[in-house]
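Here is the file upload-v4.tsv (TSV, C-alpha atoms).
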```tsv
chain	number	residue	atom	x	y	z
A	1	MET	CA	-98.37	-16.86	-34.09
A	2	LYS	CA	-96.06	-19.48	-32.56
A	3	MET	CA	-92.99	-17.76	-33.92
A	4	LYS	CA	-94.25	-14.39	-32.65
A	5	VAL	CA	-94.59	-15.77	-29.12
A	6	LEU	CA	-91.13	-17.32	-29.21
A	7	SER	CA	-89.61	-14.21	-30.77
A	8	ALA	CA	-91.13	-12.00	-28.08
A	9	VAL	CA	-89.80	-14.21	-25.31
A	10	ALA	CA	-86.37	-14.39	-26.96
A	11	LEU	CA	-86.31	-10.61	-27.24
A	12	MET	CA	-87.12	-10.27	-23.55
A	13	LEU	CA	-84.31	-12.69	-22.77
A	14	VAL	CA	-81.80	-10.67	-24.79
A	15	MET	CA	-82.98	-7.42	-23.21
A	16	SER	CA	-82.79	-8.97	-19.75
A	17	VAL	CA	-79.22	-10.07	-20.24
A	18	GLY	CA	-78.26	-6.75	-21.74
A	19	THR	CA	-79.62	-4.68	-18.88
A	20	ALA	CA	-78.64	-6.85	-15.94
A	21	GLY	CA	-75.04	-5.71	-15.83
A	22	ALA	CA	-73.51	-8.72	-14.11
A	23	ILE	CA	-73.61	-12.45	-14.63
A	24	VAL	CA	-73.48	-14.42	-11.41
A	25	ASP	CA	-72.96	-17.74	-13.13
A	26	LEU	CA	-72.85	-19.26	-16.58
A	27	SER	CA	-73.22	-23.00	-17.06
A	28	ALA	CA	-73.78	-25.51	-19.82
A	29	GLY	CA	-74.44	-29.22	-19.82
A	30	ALA	CA	-76.15	-32.31	-21.15
A	31	TYR	CA	-78.75	-34.64	-19.72
A	32	TYR	CA	-80.55	-37.91	-20.22
A	33	GLY	CA	-83.93	-39.03	-18.96
A	34	MET	CA	-87.40	-40.17	-19.90
A	35	ASP	CA	-90.25	-38.57	-21.82
A	36	ILE	CA	-93.50	-40.00	-20.47
A	37	PRO	CA	-96.66	-39.20	-22.47
A	38	VAL	CA	-99.64	-38.36	-20.22
A	39	VAL	CA	-103.15	-39.53	-21.23
A	40	ASN	CA	-101.78	-40.08	-24.70
A	41	ASP	CA	-102.94	-43.13	-26.64
A	42	GLN	CA	-100.50	-42.68	-29.51
A	43	ALA	CA	-97.16	-43.26	-27.79
A	44	THR	CA	-95.54	-44.64	-24.67
A	45	SER	CA	-92.48	-43.63	-22.67
A	46	GLY	CA	-89.14	-43.27	-24.32
A	47	GLY	CA	-85.63	-42.06	-23.68
A	48	MET	CA	-84.75	-38.41	-23.95
A	49	PHE	CA	-81.47	-36.54	-24.18
A	50	GLY	CA	-80.82	-32.85	-24.23
A	51	LEU	CA	-78.45	-29.95	-24.04
A	52	GLN	CA	-78.86	-26.78	-22.04
A	53	ALA	CA	-77.14	-23.57	-21.08
A	54	LYS	CA	-78.07	-21.28	-18.21
A	55	VAL	CA	-77.19	-17.79	-17.21
A	56	SER	CA	-77.86	-16.51	-13.73
A	57	LEU	CA	-78.01	-12.76	-13.44
A	58	LEU	CA	-79.18	-12.68	-9.84
A	59	HIS	CA	-78.61	-15.35	-7.22
A	60	SER	CA	-82.24	-16.42	-7.27
A	61	LEU	CA	-83.19	-15.89	-10.91
A	62	GLY	CA	-81.88	-17.40	-14.09
A	63	LEU	CA	-82.63	-17.86	-17.76
A	64	GLY	CA	-81.56	-20.60	-20.10
A	65	VAL	CA	-81.96	-22.28	-23.43
A	66	TYR	CA	-82.54	-25.97	-24.08
A	67	TYR	CA	-82.75	-28.54	-26.82
A	68	SER	CA	-84.19	-31.99	-26.21
A	69	SER	CA	-84.87	-35.03	-28.33
A	70	SER	CA	-87.03	-38.00	-27.33
A	71	SER	CA	-87.69	-41.32	-28.98
A	72	LEU	CA	-91.12	-42.40	-27.77
A	73	GLY	CA	-92.14	-46.01	-27.27
A	74	GLU	CA	-94.54	-48.15	-29.29
A	75	VAL	CA	-98.26	-48.49	-28.77
A	76	GLU	CA	-100.00	-51.80	-29.32
A	77	LYS	CA	-103.54	-52.68	-30.33
A	78	THR	CA	-105.32	-55.96	-31.01
A	79	PHE	CA	-107.68	-56.25	-33.95
A	80	PHE	CA	-110.46	-58.73	-34.73
A	81	GLU	CA	-110.44	-59.89	-31.12
A	82	GLY	CA	-111.91	-63.34	-30.66
A	83	ASP	CA	-111.84	-63.99	-34.40
A	84	PRO	CA	-109.57	-66.56	-36.11
A	85	ASP	CA	-107.93	-63.59	-37.87
A	86	GLU	CA	-107.10	-61.82	-34.60
A	87	PHE	CA	-103.74	-60.08	-34.62
A	88	THR	CA	-101.82	-57.58	-32.53
A	89	GLU	CA	-99.86	-54.75	-34.08
A	90	SER	CA	-97.50	-52.18	-32.66
A	91	ILE	CA	-96.69	-48.83	-34.18
A	92	GLU	CA	-93.80	-46.63	-33.15
A	93	GLY	CA	-94.37	-43.65	-30.90
A	94	GLY	CA	-92.22	-41.39	-33.04
A	95	ASP	CA	-89.59	-38.78	-32.29
A	96	VAL	CA	-90.13	-35.56	-30.38
A	97	THR	CA	-87.77	-32.62	-30.57
A	98	SER	CA	-88.10	-29.42	-28.61
A	99	TYR	CA	-86.09	-26.27	-28.10
A	100	GLY	CA	-86.81	-23.14	-26.19
A	101	LEU	CA	-86.23	-20.94	-23.18
A	102	ASP	CA	-86.19	-21.76	-19.47
A	103	ALA	CA	-86.81	-19.34	-16.63
A	104	TYR	CA	-85.53	-20.35	-13.19
A	105	LEU	CA	-86.68	-19.23	-9.77
A	106	GLY	CA	-84.41	-20.42	-6.99
A	107	VAL	CA	-80.75	-20.49	-6.10
A	108	MET	CA	-78.88	-20.49	-9.39
A	109	SER	CA	-75.29	-19.66	-8.56
A	110	GLY	CA	-72.35	-21.96	-9.17
A	111	VAL	CA	-71.36	-21.96	-5.51
A	112	PRO	CA	-70.75	-25.56	-4.34
A	113	GLY	CA	-73.65	-27.29	-2.58
A	114	PHE	CA	-77.29	-28.20	-3.17
A	115	LYS	CA	-79.46	-25.81	-5.20
A	116	PHE	CA	-83.23	-26.11	-5.54
A	117	TYR	CA	-85.31	-24.29	-8.13
A	118	LEU	CA	-88.60	-24.03	-9.98
A	119	VAL	CA	-88.37	-23.83	-13.76
A	120	GLY	CA	-90.88	-22.61	-16.31
A	121	SER	CA	-90.24	-23.02	-20.01
A	122	VAL	CA	-91.63	-22.09	-23.38
A	123	GLY	CA	-90.47	-23.52	-26.65
A	124	GLN	CA	-91.18	-25.11	-29.96
A	125	TRP	CA	-92.21	-28.78	-29.98
A	126	LYS	CA	-92.33	-31.15	-32.94
A	127	TRP	CA	-93.61	-34.73	-33.01
A	128	GLU	CA	-92.73	-36.83	-36.06
A	129	ARG	CA	-94.06	-40.28	-36.96
A	130	ASP	CA	-93.44	-41.88	-40.31
A	131	TYR	CA	-97.05	-42.90	-40.95
A	132	THR	CA	-98.77	-39.57	-40.36
A	133	ASP	CA	-98.25	-35.81	-40.56
A	134	GLU	CA	-95.93	-34.18	-38.05
A	135	VAL	CA	-97.39	-32.13	-35.22
A	136	SER	CA	-95.69	-28.84	-34.38
A	137	GLU	CA	-96.86	-26.65	-31.50
A	138	VAL	CA	-95.68	-24.20	-28.85
A	139	VAL	CA	-94.88	-26.13	-25.68
A	140	TRP	CA	-94.99	-24.91	-22.10
A	141	GLY	CA	-93.44	-26.60	-19.12
A	142	ILE	CA	-93.10	-26.21	-15.39
A	143	GLY	CA	-91.51	-28.25	-12.66
A	144	PRO	CA	-88.99	-28.46	-9.85
A	145	GLY	CA	-85.33	-29.32	-10.06
A	146	MET	CA	-82.21	-29.56	-8.00
A	147	GLU	CA	-78.51	-29.46	-8.64
A	148	PHE	CA	-75.52	-30.42	-6.54
A	149	VAL	CA	-72.54	-28.33	-7.50
A	150	LEU	CA	-69.11	-29.75	-6.73
A	151	PRO	CA	-66.18	-27.51	-5.75
A	152	PHE	CA	-64.53	-27.77	-9.15
A	153	GLY	CA	-67.58	-26.43	-11.01
A	154	LEU	CA	-69.29	-29.64	-12.06
A	155	GLY	CA	-72.97	-29.79	-11.20
A	156	ILE	CA	-75.14	-32.91	-11.10
A	157	GLU	CA	-78.73	-31.95	-11.85
A	158	GLY	CA	-82.09	-33.70	-11.64
A	159	ARG	CA	-85.37	-32.26	-12.83
A	160	GLY	CA	-88.99	-33.21	-13.45
A	161	THR	CA	-91.13	-31.11	-15.77
A	162	PHE	CA	-94.74	-31.28	-16.84
A	163	ARG	CA	-94.95	-30.26	-20.48
A	164	ILE	CA	-98.09	-29.27	-22.32
A	165	ALA	CA	-98.46	-28.39	-25.99
A	166	PRO	CA	-101.93	-26.90	-26.60
A	167	THR	CA	-103.33	-27.89	-29.99
A	168	ASP	CA	-105.53	-25.85	-32.30
A	169	ASP	CA	-108.68	-27.76	-31.34
A	170	ASP	CA	-108.82	-27.00	-27.58
A	171	GLY	CA	-106.94	-30.18	-26.78
A	172	SER	CA	-103.32	-30.61	-25.84
A	173	VAL	CA	-100.46	-33.07	-25.93
A	174	LYS	CA	-99.05	-33.61	-22.47
A	175	SER	CA	-96.01	-35.32	-21.07
A	176	PHE	CA	-93.93	-35.58	-17.98
A	177	VAL	CA	-90.19	-35.51	-18.52
A	178	TRP	CA	-87.50	-36.18	-16.01
A	179	PHE	CA	-83.77	-36.18	-16.46
A	180	VAL	CA	-80.44	-36.40	-14.75
A	181	GLY	CA	-77.58	-34.42	-16.19
A	182	ALA	CA	-74.26	-32.77	-15.66
A	183	ASN	CA	-73.44	-29.08	-16.06
A	184	TYR	CA	-70.16	-27.27	-16.04
A	185	HIS	CA	-70.22	-23.93	-14.24
A	186	PHE	CA	-67.95	-21.40	-15.82
A	187	GLY	CA	-68.51	-18.99	-12.94
A	188	GLY	CA	-69.37	-15.33	-12.98
A	189	LEU	CA	-68.56	-12.89	-15.76
A	190	LEU	CA	-68.62	-9.11	-15.90
A	191	LYS	CA	-68.71	-8.87	-12.11
B	1	MET	CA	-84.61	-10.28	-15.82
B	2	LYS	CA	-87.27	-10.53	-13.11
B	3	THR	CA	-89.96	-9.64	-15.64
B	4	THR	CA	-88.89	-12.31	-18.13
B	5	THR	CA	-88.61	-15.00	-15.47
B	6	GLY	CA	-91.96	-13.98	-14.02
B	7	ILE	CA	-93.73	-13.99	-17.37
B	8	ILE	CA	-92.53	-17.47	-18.35
B	9	LEU	CA	-93.28	-18.96	-14.94
B	10	ALA	CA	-96.68	-17.28	-14.70
B	11	ALA	CA	-97.66	-18.35	-18.21
B	12	ALA	CA	-96.62	-21.95	-17.54
B	13	LEU	CA	-98.57	-21.97	-14.26
B	14	ALA	CA	-101.62	-20.44	-15.91
B	15	LEU	CA	-101.55	-23.12	-18.57
B	16	LEU	CA	-101.36	-25.82	-15.94
B	17	MET	CA	-104.58	-24.50	-14.44
B	18	SER	CA	-106.35	-23.98	-17.75
B	19	ALA	CA	-109.00	-26.22	-19.24
B	20	CYS	CA	-106.84	-27.74	-21.94
B	21	ILE	CA	-104.92	-29.92	-19.53
B	22	MET	CA	-108.15	-31.72	-18.62
B	23	THR	CA	-108.23	-33.61	-21.90
B	24	GLY	CA	-107.14	-37.15	-22.63
B	25	GLN	CA	-106.86	-39.49	-25.58
B	26	ASN	CA	-108.63	-42.74	-26.35
B	27	THR	CA	-108.35	-45.07	-29.28
B	28	PHE	CA	-111.42	-47.16	-29.89
B	29	ILE	CA	-111.79	-49.94	-32.44
B	30	MET	CA	-115.10	-50.59	-34.13
B	31	GLY	CA	-115.96	-53.52	-36.37
B	32	ILE	CA	-117.37	-53.00	-39.85
B	33	GLU	CA	-119.03	-56.32	-40.53
B	34	VAL	CA	-119.32	-56.35	-44.30
B	35	GLY	CA	-118.86	-60.01	-45.17
B	36	ALA	CA	-119.55	-60.93	-48.78
B	37	THR	CA	-120.29	-58.19	-51.27
B	38	THR	CA	-120.77	-58.37	-55.02
B	39	ASN	CA	-121.89	-55.88	-57.62
B	40	THR	CA	-125.37	-57.46	-57.52
B	41	THR	CA	-125.71	-57.93	-53.76
B	42	ILE	CA	-124.64	-54.86	-51.84
B	43	THR	CA	-125.74	-54.68	-48.24
B	44	PRO	CA	-125.74	-51.48	-46.18
B	45	ILE	CA	-123.68	-51.98	-43.03
B	46	LEU	CA	-124.85	-50.05	-39.99
B	47	VAL	CA	-121.99	-48.76	-37.86
B	48	ASP	CA	-122.96	-47.50	-34.41
B	49	LEU	CA	-119.95	-46.10	-32.61
B	50	ASN	CA	-122.07	-45.83	-29.45
B	51	GLU	CA	-121.60	-49.56	-28.96
B	52	GLU	CA	-118.00	-48.79	-28.09
B	53	PRO	CA	-117.78	-47.51	-24.48
B	54	ASP	CA	-114.67	-45.42	-25.14
B	55	TYR	CA	-116.71	-43.46	-27.67
B	56	ALA	CA	-120.05	-43.42	-25.85
B	57	ASP	CA	-118.50	-42.24	-22.58
B	58	ASN	CA	-116.72	-39.32	-24.25
B	59	LYS	CA	-119.13	-38.51	-27.05
B	60	ASP	CA	-120.29	-35.15	-25.68
B	61	ASN	CA	-116.80	-33.93	-24.85
B	62	ILE	CA	-114.80	-34.76	-27.96
B	63	LYS	CA	-112.29	-32.03	-28.75
B	64	SER	CA	-110.64	-33.57	-31.77
B	65	VAL	CA	-110.40	-36.65	-33.93
B	66	ASP	CA	-106.65	-37.21	-34.01
B	67	GLU	CA	-106.16	-40.28	-36.18
B	68	ILE	CA	-108.22	-42.71	-38.19
B	69	SER	CA	-107.02	-46.00	-39.61
B	70	VAL	CA	-108.96	-48.83	-41.21
B	71	VAL	CA	-107.66	-52.36	-40.71
B	72	ALA	CA	-108.96	-54.86	-43.23
B	73	ILE	CA	-108.70	-58.40	-44.50
B	74	ILE	CA	-110.10	-58.55	-48.01
B	75	THR	CA	-110.54	-61.60	-50.22
B	76	ASN	CA	-110.99	-61.18	-53.94
B	77	ASN	CA	-113.10	-64.08	-55.23
B	78	LEU	CA	-112.80	-63.30	-58.93
B	79	PRO	CA	-109.93	-64.14	-61.31
B	80	ALA	CA	-109.17	-60.45	-61.93
B	81	PRO	CA	-107.48	-57.86	-59.70
B	82	ALA	CA	-109.80	-55.66	-57.66
B	83	THR	CA	-109.65	-52.54	-55.52
B	84	ALA	CA	-112.05	-52.47	-52.59
B	85	ARG	CA	-113.76	-49.24	-51.63
B	86	LEU	CA	-115.77	-48.27	-48.58
B	87	TYR	CA	-118.34	-45.52	-48.90
B	88	LEU	CA	-119.99	-43.65	-46.04
B	89	SER	CA	-123.56	-42.46	-46.09
B	90	ASN	CA	-126.53	-41.74	-43.85
B	91	ASP	CA	-128.86	-43.24	-46.44
B	92	GLU	CA	-129.39	-46.98	-46.10
B	93	SER	CA	-131.51	-47.26	-49.24
B	94	LEU	CA	-128.70	-47.29	-51.78
B	95	THR	CA	-128.57	-50.58	-53.66
B	96	THR	CA	-126.48	-50.12	-56.78
B	97	VAL	CA	-122.84	-49.29	-57.41
B	98	GLU	CA	-123.93	-46.26	-59.42
B	99	ASP	CA	-126.13	-44.90	-56.60
B	100	ILE	CA	-123.40	-45.43	-54.02
B	101	GLU	CA	-120.75	-43.72	-56.12
B	102	ALA	CA	-123.11	-40.81	-56.75
B	103	GLU	CA	-124.64	-40.39	-53.30
B	104	ALA	CA	-122.14	-41.66	-50.72
B	105	THR	CA	-118.65	-40.47	-49.75
B	106	LEU	CA	-115.58	-42.57	-50.46
B	107	VAL	CA	-113.74	-43.08	-47.15
B	108	TYR	CA	-111.40	-45.96	-47.91
B	109	GLU	CA	-109.69	-47.41	-50.95
B	110	SER	CA	-107.60	-50.54	-50.59
B	111	PRO	CA	-104.47	-51.38	-52.50
B	112	THR	CA	-105.01	-53.70	-55.44
B	113	ILE	CA	-106.01	-57.21	-54.43
B	114	PRO	CA	-104.56	-59.76	-56.85
B	115	ALA	CA	-106.92	-62.12	-58.65
B	116	SER	CA	-108.35	-64.84	-56.42
B	117	ASP	CA	-106.20	-63.68	-53.54
B	118	LYS	CA	-106.44	-62.17	-50.08
B	119	ILE	CA	-104.68	-59.20	-48.52
B	120	LYS	CA	-104.36	-57.87	-45.00
B	121	ILE	CA	-103.96	-54.14	-44.34
B	122	GLY	CA	-102.69	-53.53	-40.82
B	123	TRP	CA	-103.09	-50.60	-38.46
B	124	LYS	CA	-100.02	-48.66	-39.57
B	125	ASP	CA	-100.67	-49.14	-43.29
B	126	GLY	CA	-104.37	-48.46	-42.81
B	127	PHE	CA	-103.84	-44.73	-42.21
B	128	LYS	CA	-102.80	-44.07	-45.78
B	129	TYR	CA	-105.81	-45.72	-47.39
B	130	VAL	CA	-108.37	-43.58	-45.56
B	131	GLN	CA	-109.97	-41.03	-47.87
B	132	ASN	CA	-112.05	-37.95	-47.05
B	133	GLN	CA	-111.30	-38.24	-43.35
B	134	ASP	CA	-113.44	-35.16	-42.71
B	135	ALA	CA	-116.57	-37.19	-43.52
B	136	ILE	CA	-115.73	-39.76	-40.85
B	137	GLU	CA	-114.83	-37.03	-38.36
B	138	LYS	CA	-118.21	-35.41	-38.96
B	139	GLU	CA	-119.92	-38.66	-37.94
B	140	VAL	CA	-117.69	-39.03	-34.87
B	141	PHE	CA	-118.63	-35.51	-33.77
B	142	GLY	CA	-122.25	-36.24	-34.65
B	143	ASP	CA	-124.45	-39.08	-33.43
B	144	GLY	CA	-121.88	-41.75	-34.23
B	145	ILE	CA	-124.27	-43.71	-36.42
B	146	PHE	CA	-123.68	-44.14	-40.14
B	147	ILE	CA	-123.88	-46.57	-43.02
B	148	ILE	CA	-120.95	-48.16	-44.81
B	149	TYR	CA	-121.18	-49.65	-48.28
B	150	ALA	CA	-118.42	-51.92	-49.60
B	151	ILE	CA	-117.92	-52.09	-53.33
B	152	ALA	CA	-114.99	-52.28	-55.76
B	153	ALA	CA	-113.54	-49.78	-58.17
B	154	ASP	CA	-114.57	-51.92	-61.14
B	155	THR	CA	-117.44	-54.27	-61.86
B	156	PRO	CA	-118.06	-57.11	-61.70
B	157	PHE	CA	-116.63	-57.80	-58.27
B	158	SER	CA	-116.97	-60.37	-55.54
B	159	LEU	CA	-115.23	-59.59	-52.28
B	160	ASP	CA	-115.23	-60.78	-48.71
B	161	VAL	CA	-114.45	-57.81	-46.51
B	162	LYS	CA	-113.63	-57.91	-42.84
B	163	ALA	CA	-112.72	-54.48	-41.47
B	164	GLU	CA	-112.28	-52.50	-38.29
B	165	ILE	CA	-111.93	-48.76	-37.89
B	166	ALA	CA	-109.49	-47.46	-35.28
B	167	VAL	CA	-110.24	-43.90	-34.19
B	168	THR	CA	-108.12	-41.88	-31.78
B	169	ILE	CA	-110.00	-39.02	-30.15
B	170	THR	CA	-109.12	-36.32	-27.64
B	171	ALA	CA	-111.89	-35.65	-25.17
B	172	GLY	CA	-112.36	-33.78	-21.94
B	173	GLU	CA	-113.73	-30.69	-20.28
```
Take the structure in the file and give it back as C-alpha cells.
Amino acid sequence: MKMKVLSAVALMLVMSVGTAGAIVDLSAGAYYGMDIPVVNDQATSGGMFGLQAKVSLLHSLGLGVYYSSSSLGEVEKTFFEGDPDEFTESIEGGDVTSYGLDAYLGVMSGVPGFKFYLVGSVGQWKWERDYTDEVSEVVWGIGPGMEFVLPFGLGIEGRGTFRIAPTDDDGSVKSFVWFVGANYHFGGLLK
Amino acid sequence: MKTTTGIILAAALALLMSACIMTGQNTFIMGIEVGATTNTTITPILVDLNEEPDYADNKDNIKSVDEISVVAIITNNLPAPATARLYLSNDESLTTVEDIEAEATLVYESPTIPASDKIKIGWKDGFKYVQNQDAIEKEVFGDGIFIIYAIAADTPFSLDVKAEIAVTITAGE
C-alpha cells in the first residue's frame, strides 16, 4: 500500500516533468537542522541533515525530491522512585531516515532575491532503535519556507515542516523539523 | 505539474486536519510489588493501572500500546541458579506453580540469576524479556486490572522480586 502511494506520486511527478515543456529552474543542495518529536514519549530532539533537488516548471510551482536523516535525542525515566534502589536510565531516541517528494507553491525561480513558498511532501519514513523493532510508515509534511538567492546562483534556504506518519492503529508519529541549507541554482533548461 | 503539486499539498493539508494528529504518547510506570516468593508461598499481586493518572486519564482513548518494558531487581536466595518468571492472570485463586503454569500467561522471563546473587534488569534491557506482549496489551485496553504471579522456571525457588512495568501508549481523539 505504502509503495503504491509513493509509486503513484512518483509517476505523476515524471509525467508532470515530461509534459511541462520548459524548466524554469533546477537546483540542488544540502541542509542541516533539527528534528523535534511532537507529543512523543520515546525520543527527544536531535540533529538532522538532508539533501534535496528541486525543479521549477512554472514560476510559482515546483517539485522536488529529498532525503533526510535524523539522530533523535535520549529519553530518561526514573524507576523505583523513593526507594533505596531508585535509579534513572536513559535510552537513545534512535535514527530516523526519510525520502520522498516535495511539492512547492510559491515563487520558485532562481532569480536573485527573497522567495517564499509553501511545501507539501510525501515520502517513506523509517525509525530505527536498537532495542526494538523498526517502524516504517508513509510520512506527510507541510510547512512554509523561504530562500534568498544570491546573484551567482547560490541560495540560502530556511524551512519549517510539520511531519506526520500515520500508523496502522489510528495513531501517528509526529514531528516538527526545521533546517537551514544552501542550494545551487543551475538555472533554466529547455527554455 | 499543477495537478501533482495540488494533490500533494491538499493531501498534506487534509492530514493535518484529520483525527490522527490529535493523538499523543505517554509512558507510565507501574509498580509490581512482589516481594518474597517461594515455591511454597506464592502470593497473587494485584496490579491496578488505574492508580497511574497517565493511564486513568487516557484509558478510554487509547489507540495503541507502543512499547512495554519490565524493570526488575531480583535476588536469588538459593545456592542454585534461577530464572524468574512473571505470569499474568485474571484469576487470583491460583496457589501452586503447576496451576499458574497451566492457567496463567507467561509475560516475563528474566535472564539467569546466579546462585545466591542479585541482578538488575534496566529499562532498555527489559524490553527483550517481555513475553506474550499481546496479553498485557489486552489488559491495558481492558479495565487495567490484573493479577501477576512471580515464580521461577525450576523448583524449589526462593526469590525477592521488585519490579516495575513501563508502558508507552498512544491516546487521543
Considering all atoms listed in the file, give me a table of residues in chain A that are at most 9 Å from chain B, with the closest atom pair and distance in Å for each, as JSON lines.
```
{"residue": "A:Val9", "atom": "CA", "partner": "B:Thr4", "partner_atom": "CA", "distance": 7.5}
{"residue": "A:Met12", "atom": "CA", "partner": "B:Thr4", "partner_atom": "CA", "distance": 6.1}
{"residue": "A:Leu13", "atom": "CA", "partner": "B:Thr4", "partner_atom": "CA", "distance": 6.5}
{"residue": "A:Met15", "atom": "CA", "partner": "B:Met1", "partner_atom": "CA", "distance": 8.1}
{"residue": "A:Ser16", "atom": "CA", "partner": "B:Met1", "partner_atom": "CA", "distance": 4.5}
{"residue": "A:Val17", "atom": "CA", "partner": "B:Met1", "partner_atom": "CA", "distance": 7.0}
{"residue": "A:Thr19", "atom": "CA", "partner": "B:Met1", "partner_atom": "CA", "distance": 8.1}
{"residue": "A:Ala20", "atom": "CA", "partner": "B:Met1", "partner_atom": "CA", "distance": 6.9}
{"residue": "A:Val38", "atom": "CA", "partner": "B:Gly24", "partner_atom": "CA", "distance": 8.0}
{"residue": "A:Val39", "atom": "CA", "partner": "B:Gly24", "partner_atom": "CA", "distance": 4.9}
{"residue": "A:Asn40", "atom": "CA", "partner": "B:Gln25", "partner_atom": "CA", "distance": 5.2}
{"residue": "A:Asp41", "atom": "CA", "partner": "B:Gln25", "partner_atom": "CA", "distance": 5.5}
{"residue": "A:Gln42", "atom": "CA", "partner": "B:Thr168", "partner_atom": "CA", "distance": 8.0}
{"residue": "A:Leu57", "atom": "CA", "partner": "B:Met1", "partner_atom": "CA", "distance": 7.4}
{"residue": "A:Leu58", "atom": "CA", "partner": "B:Met1", "partner_atom": "CA", "distance": 8.4}
{"residue": "A:Leu61", "atom": "CA", "partner": "B:Lys2", "partner_atom": "CA", "distance": 7.1}
{"residue": "A:Gly62", "atom": "CA", "partner": "B:Thr5", "partner_atom": "CA", "distance": 7.3}
{"residue": "A:Leu63", "atom": "CA", "partner": "B:Thr5", "partner_atom": "CA", "distance": 7.0}
{"residue": "A:Lys77", "atom": "CA", "partner": "B:Trp123", "partner_atom": "CA", "distance": 8.4}
{"residue": "A:Thr78", "atom": "CA", "partner": "B:Ile29", "partner_atom": "CA", "distance": 9.0}
{"residue": "A:Phe79", "atom": "CA", "partner": "B:Glu164", "partner_atom": "CA", "distance": 7.4}
{"residue": "A:Phe80", "atom": "CA", "partner": "B:Glu164", "partner_atom": "CA", "distance": 7.4}
{"residue": "A:Asp85", "atom": "CA", "partner": "B:Ile73", "partner_atom": "CA", "distance": 8.5}
{"residue": "A:Glu89", "atom": "CA", "partner": "B:Trp123", "partner_atom": "CA", "distance": 6.8}
{"residue": "A:Ser90", "atom": "CA", "partner": "B:Lys124", "partner_atom": "CA", "distance": 8.2}
{"residue": "A:Ile91", "atom": "CA", "partner": "B:Lys124", "partner_atom": "CA", "distance": 6.3}
{"residue": "A:Leu101", "atom": "CA", "partner": "B:Ile8", "partner_atom": "CA", "distance": 8.7}
{"residue": "A:Asp102", "atom": "CA", "partner": "B:Ile8", "partner_atom": "CA", "distance": 7.7}
{"residue": "A:Ala103", "atom": "CA", "partner": "B:Thr5", "partner_atom": "CA", "distance": 4.8}
{"residue": "A:Tyr104", "atom": "CA", "partner": "B:Thr5", "partner_atom": "CA", "distance": 6.6}
{"residue": "A:Leu105", "atom": "CA", "partner": "B:Thr5", "partner_atom": "CA", "distance": 7.4}
{"residue": "A:Leu118", "atom": "CA", "partner": "B:Leu9", "partner_atom": "CA", "distance": 8.5}
{"residue": "A:Val119", "atom": "CA", "partner": "B:Leu9", "partner_atom": "CA", "distance": 7.0}
{"residue": "A:Gly120", "atom": "CA", "partner": "B:Leu9", "partner_atom": "CA", "distance": 4.6}
{"residue": "A:Ser121", "atom": "CA", "partner": "B:Ile8", "partner_atom": "CA", "distance": 6.2}
{"residue": "A:Val122", "atom": "CA", "partner": "B:Ile8", "partner_atom": "CA", "distance": 6.9}
{"residue": "A:Tyr131", "atom": "CA", "partner": "B:Lys124", "partner_atom": "CA", "distance": 6.6}
{"residue": "A:Thr132", "atom": "CA", "partner": "B:Phe127", "partner_atom": "CA", "distance": 7.5}
{"residue": "A:Trp140", "atom": "CA", "partner": "B:Ala12", "partner_atom": "CA", "distance": 5.7}
{"residue": "A:Gly141", "atom": "CA", "partner": "B:Ala12", "partner_atom": "CA", "distance": 5.9}
{"residue": "A:Ile142", "atom": "CA", "partner": "B:Ala12", "partner_atom": "CA", "distance": 5.9}
{"residue": "A:Phe162", "atom": "CA", "partner": "B:Leu16", "partner_atom": "CA", "distance": 8.6}
{"residue": "A:Arg163", "atom": "CA", "partner": "B:Ala12", "partner_atom": "CA", "distance": 9.0}
{"residue": "A:Ile164", "atom": "CA", "partner": "B:Ile21", "partner_atom": "CA", "distance": 7.4}
{"residue": "A:Pro166", "atom": "CA", "partner": "B:Cys20", "partner_atom": "CA", "distance": 6.8}
{"residue": "A:Thr167", "atom": "CA", "partner": "B:Cys20", "partner_atom": "CA", "distance": 8.8}
{"residue": "A:Asp169", "atom": "CA", "partner": "B:Ser64", "partner_atom": "CA", "distance": 6.1}
{"residue": "A:Asp170", "atom": "CA", "partner": "B:Cys20", "partner_atom": "CA", "distance": 6.0}
{"residue": "A:Gly171", "atom": "CA", "partner": "B:Cys20", "partner_atom": "CA", "distance": 5.4}
{"residue": "A:Ser172", "atom": "CA", "partner": "B:Cys20", "partner_atom": "CA", "distance": 6.0}
{"residue": "A:Val173", "atom": "CA", "partner": "B:Ile21", "partner_atom": "CA", "distance": 8.4}
{"residue": "A:Lys174", "atom": "CA", "partner": "B:Ile21", "partner_atom": "CA", "distance": 7.5}
```
message: Using Å and a single decimal, report how far CA of Phe148 (chain A) sits from CA of Phe114 (chain A).
response: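 These atoms are spaced 4.4 Å apart.
With all atoms listed in the file as the atoms that count, the minimum distance from Arg85 (chain B) to the choices B:Asn61, B:Ser69, B:Thr112, B:Gln133 is reached by B:Thr112.
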message: Which residues are close to region 66-76 of chain A, i.e. within 7 Å by all atoms listed in the file, leaving aside same-chain residues fewer than 2 positions away? Reply as a PyMOL selection string.
response: chain A and resi 35+42-53+64+78+88-101
query: Using all atoms listed in the file, which of B:Asp154, B:Asp117, B:Asp160, B:Glu33 sits nearest Glu101 (chain B)?
result: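 Ranking B:Asp154, B:Asp117, B:Asp160, B:Glu33 by distance to Glu101 (chain B), first place goes to B:Asp154.
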Would you kindly return, as a PDB file with C-alpha atoms, in the frame of the given file, each protein, DNA or RNA residue with an atom no farther than 6 Å from any atom of Asp25 (chain A), considering all atoms listed in the file and excluding same-chain residues fewer than 5 positions away?
```pdb
ATOM      1  CA  VAL A  55     -77.190 -17.790 -17.210  1.00  0.00           C
ATOM      2  CA  SER A  56     -77.860 -16.510 -13.730  1.00  0.00           C
ATOM      3  CA  SER A 109     -75.290 -19.660  -8.560  1.00  0.00           C
ATOM      4  CA  GLY A 110     -72.350 -21.960  -9.170  1.00  0.00           C
ATOM      5  CA  GLY A 187     -68.510 -18.990 -12.940  1.00  0.00           C
ATOM      6  CA  GLY A 188     -69.370 -15.330 -12.980  1.00  0.00           C
TER       7      GLY A 188
END
```
query: Taking into account only C-alpha atoms, which residue in the set A:Gly160, A:Pro37, A:Pro84, A:Gly155 is nearest to Trp178 (chain A)?
result: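 Between A:Gly160, A:Pro37, A:Pro84, A:Gly155, the residue approaching Trp178 (chain A) most closely is A:Gly160.
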